[in-house]
Each structure stands twice: as structure tokens, then as C-alpha cells.
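Reproduced below: upload.csv, with CSV, C-alpha atoms and all ligand atoms.
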chain,number,residue,atom,x,y,z
A,55,MET,CA,0.8,47.7,-61.0
A,56,HIS,CA,2.5,44.4,-60.7
A,57,ILE,CA,3.3,43.1,-57.2
A,58,SER,CA,7.0,43.0,-57.9
A,59,THR,CA,7.0,46.7,-58.7
A,60,GLN,CA,4.8,47.5,-55.7
A,61,ALA,CA,7.2,45.5,-53.6
A,62,VAL,CA,10.2,47.6,-54.7
A,63,GLN,CA,8.3,50.8,-53.9
A,64,THR,CA,7.7,49.9,-50.3
A,65,GLY,CA,8.6,52.8,-48.1
A,66,LEU,CA,10.1,54.8,-50.9
A,67,GLU,CA,8.1,58.0,-50.3
A,68,TRP,CA,7.9,57.9,-46.6
A,69,ASP,CA,10.5,60.5,-45.8
A,70,THR,CA,9.4,63.6,-47.7
A,71,ARG,CA,11.5,65.9,-45.5
A,72,THR,CA,14.9,64.5,-46.7
A,73,GLY,CA,13.9,62.4,-49.6
A,74,SER,CA,15.7,59.4,-48.2
A,75,VAL,CA,15.1,56.5,-50.6
A,76,ALA,CA,15.3,53.9,-47.8
A,77,VAL,CA,12.9,54.3,-44.9
A,78,PRO,CA,14.7,55.5,-41.7
A,79,ILE,CA,15.0,53.1,-38.7
A,80,TYR,CA,13.1,55.0,-36.1
A,81,GLN,CA,14.9,53.5,-33.1
A,82,THR,CA,12.8,55.2,-30.5
A,83,ALA,CA,10.5,54.1,-27.7
A,84,THR,CA,8.5,57.3,-27.5
A,85,PHE,CA,7.6,60.5,-29.3
A,86,ARG,CA,7.3,64.1,-28.1
A,87,HIS,CA,3.8,65.6,-28.0
A,88,PRO,CA,3.5,68.9,-29.9
A,89,GLY,CA,0.9,70.1,-27.3
A,90,LEU,CA,-1.6,69.1,-24.7
A,91,GLY,CA,-3.9,66.4,-26.2
A,92,ARG,CA,-2.0,66.6,-29.5
A,93,SER,CA,0.0,63.9,-31.2
A,94,THR,CA,2.2,63.6,-34.3
A,95,GLY,CA,0.3,60.3,-35.0
A,96,TYR,CA,2.9,58.5,-33.0
A,97,ASP,CA,3.0,58.3,-29.2
A,98,TYR,CA,4.8,55.2,-28.1
A,99,SER,CA,6.4,52.5,-30.3
A,100,ARG,CA,4.3,49.6,-29.1
A,101,SER,CA,1.2,51.5,-30.3
A,102,GLY,CA,2.9,52.6,-33.6
A,103,ASN,CA,6.3,53.2,-35.0
A,104,PRO,CA,7.0,54.8,-38.4
A,105,THR,CA,9.4,52.0,-39.6
A,106,ARG,CA,7.0,49.3,-38.6
A,107,GLN,CA,4.1,51.1,-40.1
A,108,THR,CA,5.9,51.4,-43.4
A,109,LEU,CA,6.1,47.6,-43.4
A,110,GLU,CA,2.5,47.3,-42.3
A,111,ASP,CA,1.3,49.6,-45.0
A,112,GLY,CA,3.5,47.9,-47.5
A,113,ILE,CA,2.2,44.4,-46.9
A,114,ALA,CA,-1.4,45.7,-46.8
A,115,ARG,CA,-0.9,47.1,-50.3
A,116,LEU,CA,0.7,43.9,-51.6
A,117,ASP,CA,-2.2,41.8,-50.3
A,118,GLY,CA,-5.0,44.3,-51.2
A,119,GLY,CA,-6.0,44.4,-47.5
A,120,ALA,CA,-7.5,47.2,-45.4
A,121,ARG,CA,-4.5,47.2,-43.0
A,122,GLY,CA,-1.4,45.2,-42.1
A,123,PHE,CA,0.2,44.3,-38.8
A,124,ALA,CA,3.8,43.3,-37.9
A,125,TYR,CA,4.7,41.0,-35.1
A,126,ALA,CA,7.8,39.7,-33.4
A,127,SER,CA,7.4,36.3,-35.2
A,128,GLY,CA,4.9,34.3,-37.3
A,129,MET,CA,3.8,32.5,-34.1
A,130,ALA,CA,3.2,35.8,-32.3
A,131,ALA,CA,1.0,36.9,-35.3
A,132,ILE,CA,-1.0,33.7,-35.1
A,133,ALA,CA,-1.3,33.9,-31.3
A,134,ASN,CA,-2.6,37.5,-31.6
A,135,LEU,CA,-5.2,36.4,-34.1
A,136,LEU,CA,-6.5,33.7,-31.9
A,137,LEU,CA,-7.4,36.5,-29.4
A,138,LEU,CA,-10.3,37.3,-31.8
A,139,PHE,CA,-12.0,34.2,-30.4
A,140,LYS,CA,-13.4,33.5,-26.9
A,141,SER,CA,-14.0,30.5,-24.7
A,142,GLY,CA,-16.4,28.0,-26.4
A,143,ASP,CA,-15.4,29.0,-29.9
A,144,HIS,CA,-14.4,26.2,-32.3
A,145,LEU,CA,-12.0,26.4,-35.3
A,146,ILE,CA,-11.7,24.0,-38.2
A,147,VAL,CA,-8.1,23.6,-39.1
A,148,THR,CA,-6.3,22.0,-42.1
A,149,GLU,CA,-4.6,18.9,-40.8
A,150,ASP,CA,-1.5,19.3,-42.9
A,151,LEU,CA,-0.3,22.1,-40.6
A,152,TYR,CA,3.0,23.7,-39.5
A,153,GLY,CA,4.0,22.0,-36.3
A,154,GLY,CA,4.4,25.2,-34.3
A,155,THR,CA,0.9,26.2,-35.1
A,156,CYS,CA,-0.5,22.9,-34.1
A,157,ARG,CA,1.4,23.2,-30.8
A,158,LEU,CA,0.0,26.7,-30.1
A,159,PHE,CA,-3.5,25.4,-30.7
A,160,ASP,CA,-3.4,22.2,-28.8
A,161,LYS,CA,-1.0,22.9,-26.0
A,162,ILE,CA,-1.9,26.5,-25.2
A,163,PHE,CA,-5.2,27.9,-26.6
A,164,SER,CA,-7.1,24.7,-25.9
A,165,GLN,CA,-6.5,25.5,-22.2
A,166,TYR,CA,-8.5,28.7,-22.6
A,167,GLY,CA,-11.6,27.1,-24.0
A,168,LEU,CA,-10.9,27.2,-27.7
A,169,SER,CA,-11.3,23.9,-29.6
A,170,PHE,CA,-9.8,22.8,-32.9
A,171,THR,CA,-10.8,20.0,-35.3
A,172,TYR,CA,-8.2,18.9,-37.8
A,173,VAL,CA,-9.6,17.9,-41.2
A,174,ASP,CA,-8.5,17.5,-44.8
A,175,THR,CA,-9.8,21.0,-45.7
A,176,SER,CA,-9.6,20.1,-49.4
A,177,ASP,CA,-12.5,17.7,-48.8
A,178,SER,CA,-15.6,20.0,-48.5
A,179,SER,CA,-17.7,17.1,-47.0
A,180,ALA,CA,-15.1,16.6,-44.3
A,181,VAL,CA,-15.3,20.4,-43.5
A,182,GLN,CA,-19.1,20.3,-43.5
A,183,ALA,CA,-19.0,17.3,-41.1
A,184,ALA,CA,-16.7,19.1,-38.7
A,185,LEU,CA,-19.0,22.2,-38.3
A,186,THR,CA,-20.5,22.7,-34.9
A,187,PRO,CA,-22.8,25.5,-33.6
A,188,GLY,CA,-19.7,27.0,-32.0
A,189,THR,CA,-17.6,27.0,-35.2
A,190,LYS,CA,-16.3,30.5,-35.8
A,191,ALA,CA,-13.5,30.1,-38.3
A,192,ILE,CA,-11.6,27.9,-40.8
A,193,PHE,CA,-7.8,28.1,-40.7
A,194,VAL,CA,-5.8,26.8,-43.6
A,195,GLU,CA,-2.3,27.0,-45.1
A,196,THR,CA,-2.5,28.1,-48.7
A,197,LEU,CA,0.3,25.7,-49.7
A,198,THR,CA,0.8,23.2,-46.9
A,199,ASN,CA,3.8,22.2,-45.0
A,200,PRO,CA,5.5,19.8,-45.8
A,201,LEU,CA,3.5,18.0,-48.4
A,202,LEU,CA,2.5,21.0,-50.6
A,203,LYS,CA,-1.3,20.6,-51.0
A,204,PHE,CA,-2.9,23.7,-52.4
A,205,ALA,CA,-6.0,25.0,-50.5
A,206,ASP,CA,-9.2,25.7,-52.5
A,207,LEU,CA,-9.9,29.2,-51.0
A,208,THR,CA,-12.7,29.9,-53.4
A,209,ALA,CA,-14.7,26.8,-52.3
A,210,LEU,CA,-13.9,27.4,-48.6
A,211,SER,CA,-14.8,31.1,-48.7
A,212,SER,CA,-18.3,30.4,-50.1
A,213,LEU,CA,-18.9,27.9,-47.3
A,214,CYS,CA,-17.5,30.5,-44.8
A,215,ARG,CA,-19.8,33.3,-46.2
A,216,GLU,CA,-22.9,31.1,-45.9
A,217,ARG,CA,-22.2,30.6,-42.2
A,218,SER,CA,-20.5,33.9,-41.3
A,219,LEU,CA,-17.2,32.1,-40.4
A,220,LEU,CA,-13.9,33.8,-40.7
A,221,LEU,CA,-11.5,32.3,-43.3
A,222,ILE,CA,-7.9,32.7,-42.1
A,223,ALA,CA,-5.1,31.7,-44.5
A,224,ASP,CA,-1.4,31.2,-43.7
A,225,ASN,CA,0.2,32.2,-47.0
A,226,THR,CA,3.8,31.9,-45.9
A,227,PHE,CA,4.8,29.5,-48.7
A,228,LEU,CA,3.4,31.6,-51.5
A,229,THR,CA,3.5,35.3,-50.5
A,230,PRO,CA,1.4,37.9,-52.2
A,231,TYR,CA,3.7,37.6,-55.2
A,232,LEU,CA,2.2,34.2,-56.0
A,233,LEU,CA,-1.2,34.3,-54.3
A,234,ARG,CA,-3.4,37.0,-52.7
A,235,PRO,CA,-5.8,35.1,-50.4
A,236,LEU,CA,-8.0,38.2,-49.6
A,237,ASP,CA,-8.8,38.4,-53.4
A,238,LEU,CA,-10.1,34.8,-53.2
A,239,GLY,CA,-12.4,35.4,-50.2
A,240,ALA,CA,-10.1,35.0,-47.2
A,241,ASP,CA,-10.7,37.5,-44.4
A,242,ILE,CA,-7.3,37.4,-42.8
A,243,THR,CA,-3.9,36.5,-44.2
A,244,ILE,CA,-0.9,35.5,-42.1
A,245,TYR,CA,2.8,35.3,-42.9
A,246,SER,CA,5.8,34.1,-41.2
A,247,ALA,CA,7.8,36.9,-42.8
A,248,THR,CA,10.9,35.0,-41.5
A,249,LYS,CA,10.6,33.0,-44.7
A,250,TYR,CA,10.2,34.4,-48.2
A,251,LEU,CA,9.2,38.0,-47.3
A,252,SER,CA,12.4,38.9,-45.5
A,253,GLY,CA,14.1,36.2,-47.6
A,254,HIS,CA,17.6,36.2,-46.2
A,255,ASN,CA,17.5,33.8,-43.2
A,256,ASP,CA,18.4,36.8,-41.0
A,257,THR,CA,15.2,38.0,-39.4
A,258,VAL,CA,12.3,36.5,-37.4
A,259,ALA,CA,9.1,38.3,-38.2
A,260,GLY,CA,5.3,37.9,-38.6
A,261,LEU,CA,2.8,39.8,-40.7
A,262,VAL,CA,-1.0,39.9,-40.9
A,263,THR,CA,-3.3,41.5,-43.4
A,264,VAL,CA,-7.1,41.9,-43.0
A,265,LYS,CA,-9.8,42.5,-45.5
A,266,THR,CA,-12.1,45.0,-43.7
A,267,PRO,CA,-11.6,48.1,-41.5
A,268,GLU,CA,-13.8,46.5,-38.9
A,269,LEU,CA,-11.4,43.5,-38.5
A,270,ALA,CA,-8.5,45.9,-38.6
A,271,ASP,CA,-9.8,47.7,-35.5
A,272,ARG,CA,-10.2,44.5,-33.6
A,273,VAL,CA,-6.8,43.2,-34.6
A,274,TYR,CA,-5.1,46.5,-33.8
A,275,PHE,CA,-6.6,46.5,-30.4
A,276,HIS,CA,-5.0,43.2,-29.6
A,277,GLN,CA,-1.7,44.1,-31.3
A,278,ASN,CA,-1.4,47.2,-29.0
A,279,ALA,CA,-2.8,45.5,-25.9
A,280,VAL,CA,-0.6,42.5,-26.1
A,281,GLY,CA,2.5,44.1,-27.5
A,282,ALA,CA,4.2,41.3,-29.4
A,283,VAL,CA,5.2,43.9,-32.1
A,284,LEU,CA,8.1,43.8,-34.5
A,285,GLY,CA,11.0,46.2,-33.6
A,286,PRO,CA,12.2,48.9,-35.9
A,287,GLN,CA,15.4,47.2,-37.0
A,288,ASP,CA,13.7,44.0,-37.9
A,289,SER,CA,10.9,45.9,-39.6
A,290,TRP,CA,13.6,47.6,-41.7
A,291,LEU,CA,15.2,44.3,-42.6
A,292,THR,CA,11.8,42.9,-43.6
A,293,ILE,CA,11.1,45.9,-45.9
A,294,ARG,CA,14.5,45.5,-47.5
A,295,GLY,CA,13.8,41.8,-48.1
A,296,ILE,CA,10.4,42.5,-49.6
A,297,LYS,CA,11.9,44.8,-52.2
A,298,THR,CA,13.5,41.8,-54.0
A,299,LEU,CA,10.7,39.4,-53.4
A,300,GLY,CA,9.8,39.1,-57.2
A,301,VAL,CA,13.3,38.4,-58.5
A,302,ARG,CA,14.1,36.0,-55.7
A,303,LEU,CA,11.0,34.0,-56.1
A,304,ASP,CA,11.3,33.9,-59.9
A,305,ARG,CA,14.8,32.4,-59.6
A,306,GLN,CA,13.8,30.1,-56.7
A,307,GLN,CA,10.8,28.7,-58.6
A,308,GLU,CA,12.9,28.1,-61.8
A,309,ASN,CA,15.5,26.3,-59.7
A,310,ALA,CA,12.8,24.3,-57.9
A,311,LEU,CA,11.3,23.0,-61.1
A,312,LYS,CA,14.6,21.9,-62.4
A,313,ILE,CA,15.5,20.1,-59.2
A,314,ALA,CA,12.1,18.5,-58.8
A,315,ARG,CA,12.4,17.1,-62.4
A,316,TRP,CA,15.9,15.8,-61.7
A,317,LEU,CA,14.9,14.2,-58.3
A,318,LYS,CA,11.9,12.5,-60.0
A,319,CYS,CA,14.3,10.6,-62.3
A,320,HIS,CA,16.8,9.6,-59.6
A,321,PRO,CA,16.8,5.9,-58.7
A,322,LEU,CA,17.3,6.6,-55.0
A,323,VAL,CA,14.3,8.9,-54.8
A,324,ARG,CA,10.9,7.2,-54.3
A,325,LYS,CA,8.5,10.1,-54.6
A,326,VAL,CA,8.6,13.9,-55.3
A,327,PHE,CA,6.0,16.4,-54.1
A,328,TYR,CA,6.2,19.7,-56.0
A,329,PRO,CA,3.0,21.4,-57.3
A,330,GLY,CA,4.9,22.6,-60.4
A,331,LEU,CA,5.1,19.0,-61.7
A,332,GLU,CA,2.2,18.1,-63.9
A,333,GLU,CA,1.4,14.9,-62.0
A,334,HIS,CA,0.9,16.8,-58.7
A,335,PRO,CA,-2.9,16.5,-57.9
A,336,ASP,CA,-3.3,20.3,-57.4
A,337,HIS,CA,-1.2,21.3,-60.4
A,338,GLU,CA,-4.1,22.5,-62.6
A,339,ARG,CA,-6.0,24.3,-59.9
A,340,MET,CA,-2.9,26.1,-58.8
A,341,LYS,CA,-2.1,27.0,-62.4
A,342,ARG,CA,-5.5,28.7,-62.5
A,343,ASP,CA,-5.5,30.4,-59.0
A,344,ALA,CA,-1.9,31.2,-58.3
A,345,ARG,CA,0.9,33.0,-60.2
A,346,GLY,CA,3.4,30.2,-59.6
A,347,PHE,CA,4.1,27.0,-57.6
A,348,GLY,CA,6.6,28.2,-55.0
A,349,ALA,CA,10.0,26.8,-54.3
A,350,MET,CA,9.4,24.2,-51.6
A,351,ILE,CA,10.0,20.5,-52.5
A,352,ALA,CA,9.4,17.4,-50.4
A,353,PHE,CA,10.8,14.1,-51.5
A,354,GLU,CA,11.0,10.5,-50.2
A,355,VAL,CA,14.3,8.6,-50.5
A,356,LEU,CA,14.4,4.9,-50.8
A,357,ASN,CA,15.4,4.1,-47.2
A,358,HIS,CA,16.0,5.8,-43.9
A,359,ALA,CA,19.8,5.5,-44.0
A,360,LEU,CA,19.7,7.8,-47.0
A,361,VAL,CA,18.0,10.5,-44.9
A,362,GLU,CA,21.0,11.0,-42.7
A,363,GLN,CA,23.4,10.7,-45.6
A,364,VAL,CA,21.7,13.4,-47.5
A,365,LEU,CA,21.4,15.8,-44.5
A,366,LEU,CA,25.1,15.4,-43.6
A,367,LYS,CA,26.7,15.1,-47.1
A,368,THR,CA,25.2,18.1,-48.9
A,369,LYS,CA,27.7,20.9,-48.9
A,370,LEU,CA,25.9,23.8,-50.5
A,371,ILE,CA,22.5,23.0,-49.1
A,372,SER,CA,22.5,23.5,-45.3
A,373,PHE,CA,20.8,21.1,-42.9
A,374,ALA,CA,18.7,23.6,-41.1
A,375,GLU,CA,15.1,24.5,-40.2
A,376,SER,CA,13.3,27.4,-41.8
A,377,LEU,CA,12.8,28.1,-45.5
A,378,GLY,CA,12.3,30.8,-48.1
A,379,GLY,CA,15.7,32.5,-47.9
A,380,VAL,CA,18.3,32.9,-50.6
A,381,GLU,CA,20.3,30.0,-49.2
A,382,SER,CA,19.0,26.5,-49.9
A,383,LEU,CA,18.1,24.6,-46.7
A,384,ILE,CA,17.1,21.0,-46.2
A,385,THR,CA,15.4,19.4,-43.2
A,386,PHE,CA,13.8,16.2,-42.0
A,387,PRO,CA,10.2,17.1,-41.0
A,388,GLU,CA,9.4,14.0,-38.9
A,389,VAL,CA,12.1,14.9,-36.3
A,390,GLN,CA,12.8,18.6,-36.9
A,391,THR,CA,9.7,20.7,-37.9
A,392,HIS,CA,6.8,18.4,-37.2
A,393,ALA,CA,7.8,16.7,-34.0
A,394,ASP,CA,4.8,18.3,-32.2
A,395,ILE,CA,2.3,16.7,-34.5
A,396,PRO,CA,0.7,13.6,-32.9
A,397,PRO,CA,2.4,10.5,-34.4
A,398,GLU,CA,-0.8,9.0,-35.8
A,399,LEU,CA,-1.6,12.2,-37.6
A,400,ARG,CA,1.9,12.4,-39.0
A,401,ALA,CA,1.6,8.8,-40.3
A,402,ARG,CA,-1.8,9.6,-41.9
A,403,LEU,CA,-0.4,12.7,-43.6
A,404,GLY,CA,2.6,10.9,-44.9
A,405,ILE,CA,5.3,12.6,-42.8
A,406,ASN,CA,7.4,9.5,-42.5
A,407,ASN,CA,11.0,8.5,-41.8
A,408,VAL,CA,12.1,8.9,-45.5
A,409,LEU,CA,10.6,12.3,-46.2
A,410,LEU,CA,12.9,15.3,-46.7
A,411,ARG,CA,11.9,18.9,-47.3
A,412,LEU,CA,14.0,21.2,-49.4
A,413,SER,CA,13.8,25.0,-49.5
A,414,VAL,CA,15.3,26.0,-52.8
A,415,GLY,CA,17.4,29.1,-52.8
A,416,ILE,CA,18.8,31.4,-55.5
A,417,GLU,CA,22.1,29.5,-56.2
A,418,ASP,CA,22.7,28.0,-59.6
A,419,ALA,CA,20.4,25.1,-60.1
A,420,ASP,CA,23.1,22.9,-61.6
A,421,ASP,CA,25.3,23.4,-58.5
A,422,LEU,CA,22.4,22.4,-56.3
A,423,ILE,CA,21.7,19.3,-58.4
A,424,GLU,CA,25.4,18.3,-58.2
A,425,ASP,CA,25.2,18.8,-54.4
A,426,LEU,CA,22.2,16.5,-54.1
A,427,ARG,CA,23.7,14.0,-56.5
A,428,PHE,CA,26.9,13.8,-54.5
A,429,ALA,CA,25.0,13.4,-51.2
A,430,LEU,CA,22.6,10.8,-52.5
A,431,GLU,CA,25.3,8.7,-54.2
A,432,ALA,CA,28.0,9.1,-51.6
B,501,LIG,C1,7.7,29.2,-39.9
B,501,LIG,C2,6.2,29.2,-40.1
B,501,LIG,C3,5.3,29.7,-39.1
B,501,LIG,C4,5.9,30.3,-37.8
B,501,LIG,O1,6.6,31.5,-38.0
B,501,LIG,P1,7.8,32.0,-37.1
B,501,LIG,O2,8.2,33.2,-37.8
B,501,LIG,O3,8.8,30.9,-37.1
B,501,LIG,O4,7.3,32.3,-35.8
B,501,LIG,C5,4.0,29.6,-39.3
B,501,LIG,N1,3.5,29.1,-40.4
B,501,LIG,C6,4.2,28.6,-41.4
B,501,LIG,C7,3.6,28.0,-42.6
B,501,LIG,C8,5.6,28.6,-41.2
B,501,LIG,O5,6.4,28.0,-42.2

Full structure transcribed into C-alpha cells:
Amino acid sequence: MHISTQAVQTGLEWDTRTGSVAVPIYQTATFRHPGLGRSTGYDYSRSGNPTRQTLEDGIARLDGGARGFAYASGMAAIANLLLLFKSGDHLIVTEDLYGGTCRLFDKIFSQYGLSFTYVDTSDSSAVQAALTPGTKAIFVETLTNPLLKFADLTALSSLCRERSLLLIADNTFLTPYLLRPLDLGADITIYSATKYLSGHNDTVAGLVTVKTPELADRVYFHQNAVGAVLGPQDSWLTIRGIKTLGVRLDRQQENALKIARWLKCHPLVRKVFYPGLEEHPDHERMKRDARGFGAMIAFEVLNHALVEQVLLKTKLISFAESLGGVESLITFPEVQTHADIPPELRARLGINNVLLRLSVGIEDADDLIEDLRFALEA
């Protein structure tokens, strides 16, 4: 069955008693026991809640994982996963990383004895060189933020298998609709479901899927022990978002390609990063491994003055952080999303003072292009 069909089916058959098509919101903290030492399968909503579980089962199915987990945010999901490691463990991390993840690693978990080495994970010799006896995992973003490099999970997973390392993939930018990391050898997939999965810029949520029941038990232990779980209302909103994932992404990708081609020809635009463009270095590999190129575009304008002009003069496209929703958003990574990345790393990556990041929504592409033209040429 196609992912888009599976996505629509999420939760459809949960309520066999009433036949409710939408899964109910089980807004309860606790559950009555039917007898001494007996349980309905639910005891307390931190440990398990039917609405949350519908979402967790749904994402596990979409990703082909043994089990799914829902958290209060993408960051809560990543923080929970880091509890799989102990003091002295080392992780190799892709250098082109979401700023919040970088902050969590360097400012919090490094205080508890975990260490992180940032490398260009597309360069297997750089990854090899970073390995230490304490290395336990490789952490990548499948499509990176903001410069849209596509990870080679197949190559990384064979290296991980040789050395019994965990391969953890943040698949926020692609979702299972475009890529299923577990199929390509990842052990754990992470989502900020705030983005494409919920899809309407109205919910903050995080999801995790794992490949094996053994990993599922370990992750569940931490989810329940720490308790950064997603509430029933937000679980329900995320389920509702997931149902339209396919149609939203189809439209968003179609729009993104048109906009990227238009930007490329504009005299005030210096450079466009979109993997759907043939000249993008990962275009061919992505065509082979993924079902699409996503709907995030980064582009450089000719000078810094144009940055502020574009951010403030677009009318349809909102100047706001976040991404992946039906409304188009634009942001300035150097100051907004990537401020916590050390300046020298930012410079090496190419996150500079003329780079803008556009999350393309489901509006009409011509209207979005007109909006950008007006802002650029104002
Ligand atoms: C937004 C984002 C996160 C963090 O998720 P939140 O839901 O904001 O906590 C992690 N990784 C990537 C790639 C993101 O875009």
C-alpha cells in the first residue's frame, strides 16, 4: 500500500465500539482497573494513552518500524534518544545540523560526559577519521538544514553495521512519504512533527520510530521514565495532519520546483539550493533513493540589504521560523534558526548574511512567485 493511503488510514479502525472514523481524544490522566492486578492495557497517560498510541502506531507503520513514540516536541524526542548513551560515549554528527540539536548536544549533554564530533558525514573518510573507541552512534539529518544536502544512508549504514554503531536519522525535512530511513539501514528515525507531519503550523510535536523490538523496549523505558510525552489533543492534531501528508507534499514540491527555477533566473539572486534542480550535487542520488526532493529552498541574494527587504516586504510569505506547514514561511538562518551554531562552523557551512530559507506552502505557485518578485524588486 502506498504511504499516502496508509497515512489517511491512521486511526480509522481504532474505535470498534462506536465506529468513529476519527480517533477520539482520550483526555484522561488515568484509567480504571477492571480488577486487582488487571489492566485494560492503559493505566496512566504518561505510560500510555490511546490517542497518543494511535499516532505512535501510525508513524511506526508509515516508517516500517517496530514501534513509534510521540513526544512533546522534536527536541524532547532527541533528548530522550540521547538517554540511550552513557558517560564516555561519543557520537559522530553531521555538521550541517539544526541549531537546536547542536545546542542540546554542546550545551547540555556534553556536561554529562557525552562527546560529539561534527563532520561532513557525506565524506566517508571524514567519518572514518572521527571514529574513536568510544563511538556509539552516527547522527545525521536526511536532508540538512538549511543547505539541503542529502545523506547517503546506505553508505553510512554499512559503516555502522561493521562497527555496531547506531545510525540515527532526523528525517524531518522528508517524512516517510519521501524517504524511509529504516529501509535504508538506519536504526532510529526522528521527526519534528511540528513541521510536515502535522503540517499546519499549529502544533509542536516530536516522533521517533525504531527498527527493532529490543530498541523499542529501551526507548519506551525512557519515554515513560522521563515523561516528555505528547498530550492527547496534540496527538490528535498530528494524526489529522498526517492524513493529508501526501497531497500537501505533492503540492509543496511542485510549487518548490517552480519557485527554485524562477529564483535561479532572477538577477538579484546569487545562488539557489534545491535538490530538485539538476545542478544540485545530490540530485541524482536523491532521485535514486528518495521519492521526491522536498519543499525547502535556500537561496542567496546579492547583498545583505536585500535580506531585510525580502523578509519585510513579502506579504503572502510570512517571516517566521519553522517550516513544513501549509503556509509559506521565510527566515534568515544566520540570525534566526542557526544562531547557536559556532560562527566559524556557520561560515564553513555557508550560512552567511545573504542566505534566506524558504519553506514552500500549498498556495498557488504563481502568487508566491509574484510575492517574491515584489519583495526583491521593491
Ligand atoms: C524543528 C526541528 C527540530 C526540533 O523540533 P521541535 O519540534 O521544534 O522541538 C529538530 N530537527 C529538525 C531538522 C528541525 O527542523

For A:Asp160, list every protein, DNA or RNA residue within 12 Å, evaluated using only C-alpha atoms, and leave out those in the same chain fewer than 2 positions away; present the list as a short mmCIF file (atom, residue, chain, number, x, y, z; two decimals) with C-alpha atoms, in the coordinates of the input.
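The result, written out as around32.cif:
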data_model
loop_
_atom_site.label_atom_id
_atom_site.label_comp_id
_atom_site.auth_asym_id
_atom_site.auth_seq_id
_atom_site.Cartn_x
_atom_site.Cartn_y
_atom_site.Cartn_z
CA LEU A 145 -12.00 26.40 -35.30
CA VAL A 147 -8.10 23.60 -39.10
CA GLY A 153 4.00 22.00 -36.30
CA GLY A 154 4.40 25.20 -34.30
CA THR A 155 0.90 26.20 -35.10
CA CYS A 156 -0.50 22.90 -34.10
CA ARG A 157 1.40 23.20 -30.80
CA LEU A 158 0.00 26.70 -30.10
CA ILE A 162 -1.90 26.50 -25.20
CA PHE A 163 -5.20 27.90 -26.60
CA SER A 164 -7.10 24.70 -25.90
CA GLN A 165 -6.50 25.50 -22.20
CA TYR A 166 -8.50 28.70 -22.60
CA GLY A 167 -11.60 27.10 -24.00
CA LEU A 168 -10.90 27.20 -27.70
CA SER A 169 -11.30 23.90 -29.60
CA PHE A 170 -9.80 22.80 -32.90
CA THR A 171 -10.80 20.00 -35.30
CA TYR A 172 -8.20 18.90 -37.80
CA ASP A 394 4.80 18.30 -32.20
CA ILE A 395 2.30 16.70 -34.50
CA PRO A 396 0.70 13.60 -32.90
#

Inset, instruction - Name each residue within 8 Å of ligand LIG 501 (chain B), counting all atoms listed in the file, as an NGL selection string. - result: :A and (126-132 or 151-152 or 154-155 or 195 or 198-199 or 224-227 or 244-249 or 258-260 or 376-377)

Inset, instruction - Using all atoms listed in the file, find the one residue out of A:Ile242, A:Leu185, A:Ala359, A:Leu232 that sits nearest to A:Arg217. - result: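 That would be A:Leu185, the residue with the smallest distance to A:Arg217.
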
Near stretch 82-94 of chain A, within 10 Å and counting all atoms listed in the file, which residues show up once chain neighbours fewer than 6 positions away are dropped, as a short mmCIF file (atom, residue, chain, number, x, y, z; two decimals) with C-alpha atoms, in the frame of the given file?
data_model
loop_
_atom_site.label_atom_id
_atom_site.label_comp_id
_atom_site.auth_asym_id
_atom_site.auth_seq_id
_atom_site.Cartn_x
_atom_site.Cartn_y
_atom_site.Cartn_z
CA ARG A 100 4.30 49.60 -29.10
CA SER A 101 1.20 51.50 -30.30
CA GLY A 102 2.90 52.60 -33.60
CA ASN A 103 6.30 53.20 -35.00
CA PRO A 104 7.00 54.80 -38.40
CA GLY A 285 11.00 46.20 -33.60
CA PRO A 286 12.20 48.90 -35.90
#

Legend entry - For atom CA of A:Leu370 and atom CA of A:Asp425, the interatomic separation in Å (one decimal):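 Spanning atom CA of A:Leu370 to atom CA of A:Asp425 is a straight-line distance of 6.4 Å.
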
Inset, instruction - Write out as a list in words the residues lying within 9 Å of A:Lys203, counting all atoms listed in the file and excluding same-chain residues fewer than 2 positions away. - result: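 Close residues of A:Lys203: Asp150, Ser176, Glu195, Thr196, Leu197, Thr198, Asn199, Pro200, Leu201, Ala205, Phe327, Pro329, His334, Pro335 and Asp336 of chain A.
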
Legend entry - Long-range neighbours of A:Lys190 as an NGL selection string, 12 Å cut-off, all atoms listed in the file, 2 positions minimum in chain: :A and (136 or 138-147 or 168-171 or 184-188 or 192-193 or 214-215 or 217-222)

Legend entry - Pairwise distance for atom CA of A:Gln63 and atom CA of A:Ala76, rounded to one decimal in Å: 9.8 Å

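Shortest atom-to-atom contact with A:Lys265 among A:Gly295, A:Gly118, A:Glu431, A:Leu135: A:Gly118, counting only C-alpha atoms.
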
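Between atom CA of A:Val194 and atom CA of A:Thr148 the interatomic distance comes to 5.1 Å.
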